[in-house]
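Chemist: If you scroll down you'll find the structure; I have some questions about it.
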Amino acid sequence: MNIPRPDYRTCDLKSALAFDWRGWHLSRKMDGCWQQQEIADSIIIGEAMHGGHFFAFDCPVAYGEDVRRRAWTERREAMRQIAREAGVNTAPEGHGAEFIEAVLRDGGEGVVAKPFAAHFGFDWVKIKRSETHDCIVTEIHPVKRSIRLLENGIDRGWCSVAGRQINIGDVVEIICYGVTANGKCREPRFSRPRPDKMNLPEPKAACISG
């Protein structure tokens with residue numbers, strides 16, 4: 001069985017720290033890749049880390065039963081039991097704004113929040129610290145309508161700019177959730193052009209427009 005990835009809603013850090021998280025479960029979002037593992041007649045979902053470790057964070061199938069329509073509190077107990085039996089780690093958990101602050105202070109990527117009664121993949125909220133980067137546009141992909149970014153000589157990767165007029169050499173502000181180990185912006189989003197920081201006055205070679 002192939003379990004579809006859930007769609008997360010995003011909550012900005014300021015709102016998250018002011019919110020009352022009673023009735024919600026918070027777990028640390030590990031900096032890994034989505035992976036499902038089949039263990040006997042169960043399936044657990046988690047993040048596979050670069051070093052080979054795996055951290056489970058949900059359980060859509062428990063002992064042969066599809067439990068995706070069960071409350072998170074029920075799936076959590078099943079996940080814990082299956083993980084114990086298989087010797088698998090589960091994602092670190094905590095409570096309230098203090099846990100969010102501790103994860104980010106420790107250099108963590110962020111936190112995932114689930115209502116206790118939530119079904120699998122519904123009403124999940126992703127909380128991350130966003131940051132901005134002023135980057136020079138070095139390349140434009142005419143088909144994908146995205147731009148390649150450079151900041152202080154570091155390749156920050158690609159960012160979608162569909163519907164915006166952008167030129168090679170422009171300086172743009174990008175919002176992202178930090179940078180990856182190889183320097184790329186994590187989940188970049190175009191914020192705004194920064195003509196006040198332009199340092200390439202010559203005509204541009206190419207552009208994307210509406």
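The chains in the structure tokens are called A, B, ... from first to last as shown; in each chain the residues are counted from 1, and the ligands are counted from 1 in the order shown.
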Return as a count of residues only the full set of residues in chain A whose backbone-based DSSP assignment is alpha helix (DSSP H).

Modeler: 31

Chemist: Can you tell me which residues surround Arg129 of chain A at a distance of at most 10 Å, considering only C-alpha atoms, apart from same-chain residues fewer than 2 positions away, and format the answer as a JSON list (two decimals) with C-alpha atoms, in the first residue's frame?

Modeler:
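Result went into selection12.json, see below:
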```json
[["chain", "number", "residue", "atom", "x", "y", "z"],
["A", 11, "CYS", "CA", 1.71, 28.56, 10.83],
["A", 12, "ASP", "CA", 4.15, 31.42, 11.21],
["A", 13, "LEU", "CA", 6.35, 31.39, 14.27],
["A", 14, "LYS", "CA", 4.84, 34.49, 15.92],
["A", 100, "ILE", "CA", 8.55, 24.99, 19.83],
["A", 101, "GLU", "CA", 11.08, 27.46, 21.20],
["A", 104, "LEU", "CA", 14.26, 25.99, 17.18],
["A", 108, "GLY", "CA", 15.80, 22.02, 14.73],
["A", 109, "GLU", "CA", 13.94, 22.49, 11.46],
["A", 110, "GLY", "CA", 10.56, 22.97, 13.11],
["A", 111, "VAL", "CA", 7.53, 21.29, 14.67],
["A", 127, "ILE", "CA", 5.63, 25.41, 12.26],
["A", 131, "GLU", "CA", 14.13, 33.90, 7.25],
["A", 176, "CYS", "CA", 12.57, 30.31, 3.25],
["A", 177, "TYR", "CA", 12.78, 27.99, 6.23],
["A", 178, "GLY", "CA", 16.54, 28.17, 6.58]]
```

Chemist: DSSP says strand (DSSP E or B) for which residues of segment 9-183 of chain A? Put them as a ChimeraX atom specification?

Modeler: /A:9-11,24-29,33-39,42-48,54-62,65-66,89-90,93-94,110-115,125-128,131-141,146-151,154-160,166-167,171-176,179

Chemist: Do a neighbour search on Cys185 of chain A at 10 Å with only C-alpha atoms, toss out local chain neighbours closer than 2 positions, and write the hits as a PyMOL selection string.

Modeler: chain A and resi 131-133+149+155-159+174-183+187-189

Chemist: Can you list every residue of segment 88-204 of chain A that has an atom at most 10 Å from segment 58-62 of chain A, with its nearest atom pair and the distance in Å to one decimal, using only C-alpha atoms, ordered by chain then number, as a tab-separated table?

Modeler:
```
residue	atom	partner	partner_atom	distance
A:Thr90	CA	A:Asp58	CA	8.8
A:Ala91	CA	A:Asp58	CA	9.3
A:His119	CA	A:Pro60	CA	9.4
A:Phe120	CA	A:Pro60	CA	6.8
A:Gly121	CA	A:Asp58	CA	9.5
```

Chemist: Keeping only C-alpha atoms, write the selected residues as a CSV table (one decimal), in the first residue's frame.

Modeler:
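See result_9.csv below for the written result:
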```csv
chain,number,residue,atom,x,y,z
A,90,THR,CA,9.9,7.9,17.2
A,91,ALA,CA,10.1,11.7,16.7
A,119,HIS,CA,-7.4,11.7,11.0
A,120,PHE,CA,-4.3,10.8,9.2
A,121,GLY,CA,-3.1,13.7,7.0
```

Chemist: Can you list, as a short mmCIF file (atom, residue, chain, number, x, y, z; two decimals) with C-alpha atoms, in the first residue's frame, every protein, DNA or RNA residue that comes within 7 Å of segment 136-140 of chain A when you count only C-alpha atoms, leaving out same-chain residues fewer than 2 positions away?

Modeler:
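Below you can see around-v4.cif, which holds the result:
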```
data_model
loop_
_atom_site.label_atom_id
_atom_site.label_comp_id
_atom_site.auth_asym_id
_atom_site.auth_seq_id
_atom_site.Cartn_x
_atom_site.Cartn_y
_atom_site.Cartn_z
CA PRO A 142 11.56 29.62 -19.25
CA SER A 146 11.63 29.73 -11.87
CA ILE A 147 14.86 31.60 -11.11
CA ARG A 148 18.26 30.49 -9.91
CA LEU A 149 19.58 32.42 -6.92
CA LEU A 150 23.04 33.49 -5.79
CA GLU A 151 23.85 35.07 -2.43
CA ILE A 168 18.69 38.22 -14.87
CA GLY A 169 20.77 40.39 -12.56
CA ASP A 170 17.82 41.51 -10.44
CA VAL A 171 18.13 41.37 -6.68
CA VAL A 172 15.12 39.69 -5.05
#
```

Chemist: Quick one: everything within 10 Å of segment 80-88 of chain A, counting only C-alpha atoms, minus sequence neighbours fewer than 5 positions away in the same chain. Send it as a PDB file with N, CA and C atoms, in the first residue's frame.

Modeler:
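Output file around_17.pdb follows:
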```pdb
ATOM      1  N   ILE A  39       6.285  -3.032   8.385  1.00  0.00           N
ATOM      2  CA  ILE A  39       6.806  -3.916   9.422  1.00  0.00           C
ATOM      3  C   ILE A  39       5.754  -4.983   9.679  1.00  0.00           C
ATOM      4  N   ALA A  40       6.037  -6.196   9.232  1.00  0.00           N
ATOM      5  CA  ALA A  40       5.061  -7.287   9.295  1.00  0.00           C
ATOM      6  C   ALA A  40       3.794  -6.827   8.590  1.00  0.00           C
ATOM      7  N   SER A  42       2.026  -4.099   9.431  1.00  0.00           N
ATOM      8  CA  SER A  42       1.799  -2.703   9.803  1.00  0.00           C
ATOM      9  C   SER A  42       2.603  -1.774   8.901  1.00  0.00           C
ATOM     10  N   ILE A  43       2.191  -0.515   8.856  1.00  0.00           N
ATOM     11  CA  ILE A  43       2.933   0.521   8.132  1.00  0.00           C
ATOM     12  C   ILE A  43       3.106   1.706   9.063  1.00  0.00           C
ATOM     13  N   ILE A  44       4.348   2.167   9.196  1.00  0.00           N
ATOM     14  CA  ILE A  44       4.600   3.395   9.933  1.00  0.00           C
ATOM     15  C   ILE A  44       5.240   4.404   8.989  1.00  0.00           C
ATOM     16  N   HIS A  53      19.405   6.826  10.112  1.00  0.00           N
ATOM     17  CA  HIS A  53      18.393   6.672  11.154  1.00  0.00           C
ATOM     18  C   HIS A  53      16.998   6.955  10.602  1.00  0.00           C
ATOM     19  N   PHE A  54      16.007   6.404  11.279  1.00  0.00           N
ATOM     20  CA  PHE A  54      14.608   6.597  10.897  1.00  0.00           C
ATOM     21  C   PHE A  54      13.822   6.982  12.135  1.00  0.00           C
ATOM     22  N   PHE A  55      12.959   8.011  12.012  1.00  0.00           N
ATOM     23  CA  PHE A  55      12.123   8.464  13.114  1.00  0.00           C
ATOM     24  C   PHE A  55      10.661   8.391  12.679  1.00  0.00           C
ATOM     25  N   ALA A  56       9.886   7.543  13.343  1.00  0.00           N
ATOM     26  CA  ALA A  56       8.472   7.391  13.009  1.00  0.00           C
ATOM     27  C   ALA A  56       7.656   8.533  13.600  1.00  0.00           C
ATOM     28  N   PHE A  57       6.629   8.987  12.840  1.00  0.00           N
ATOM     29  CA  PHE A  57       5.760  10.022  13.386  1.00  0.00           C
ATOM     30  C   PHE A  57       4.277   9.743  13.181  1.00  0.00           C
ATOM     31  N   ASP A  58       3.915   8.638  12.526  1.00  0.00           N
ATOM     32  CA  ASP A  58       2.494   8.293  12.411  1.00  0.00           C
ATOM     33  C   ASP A  58       2.370   6.839  11.966  1.00  0.00           C
ATOM     34  N   CYS A  59       1.135   6.341  12.065  1.00  0.00           N
ATOM     35  CA  CYS A  59       0.878   4.934  11.763  1.00  0.00           C
ATOM     36  C   CYS A  59      -0.450   4.813  11.024  1.00  0.00           C
ATOM     37  N   ALA A  62      -2.157  -0.514  11.239  1.00  0.00           N
ATOM     38  CA  ALA A  62      -1.693  -1.169  12.464  1.00  0.00           C
ATOM     39  C   ALA A  62      -2.180  -2.609  12.503  1.00  0.00           C
ATOM     40  N   TYR A  63      -1.241  -3.546  12.445  1.00  0.00           N
ATOM     41  CA  TYR A  63      -1.549  -4.982  12.555  1.00  0.00           C
ATOM     42  C   TYR A  63      -2.635  -5.406  11.568  1.00  0.00           C
ATOM     43  N   ARG A  75      -3.824   6.255  16.911  1.00  0.00           N
ATOM     44  CA  ARG A  75      -2.717   5.895  16.021  1.00  0.00           C
ATOM     45  C   ARG A  75      -1.377   6.033  16.741  1.00  0.00           C
TER      46      ARG A  75
END
```
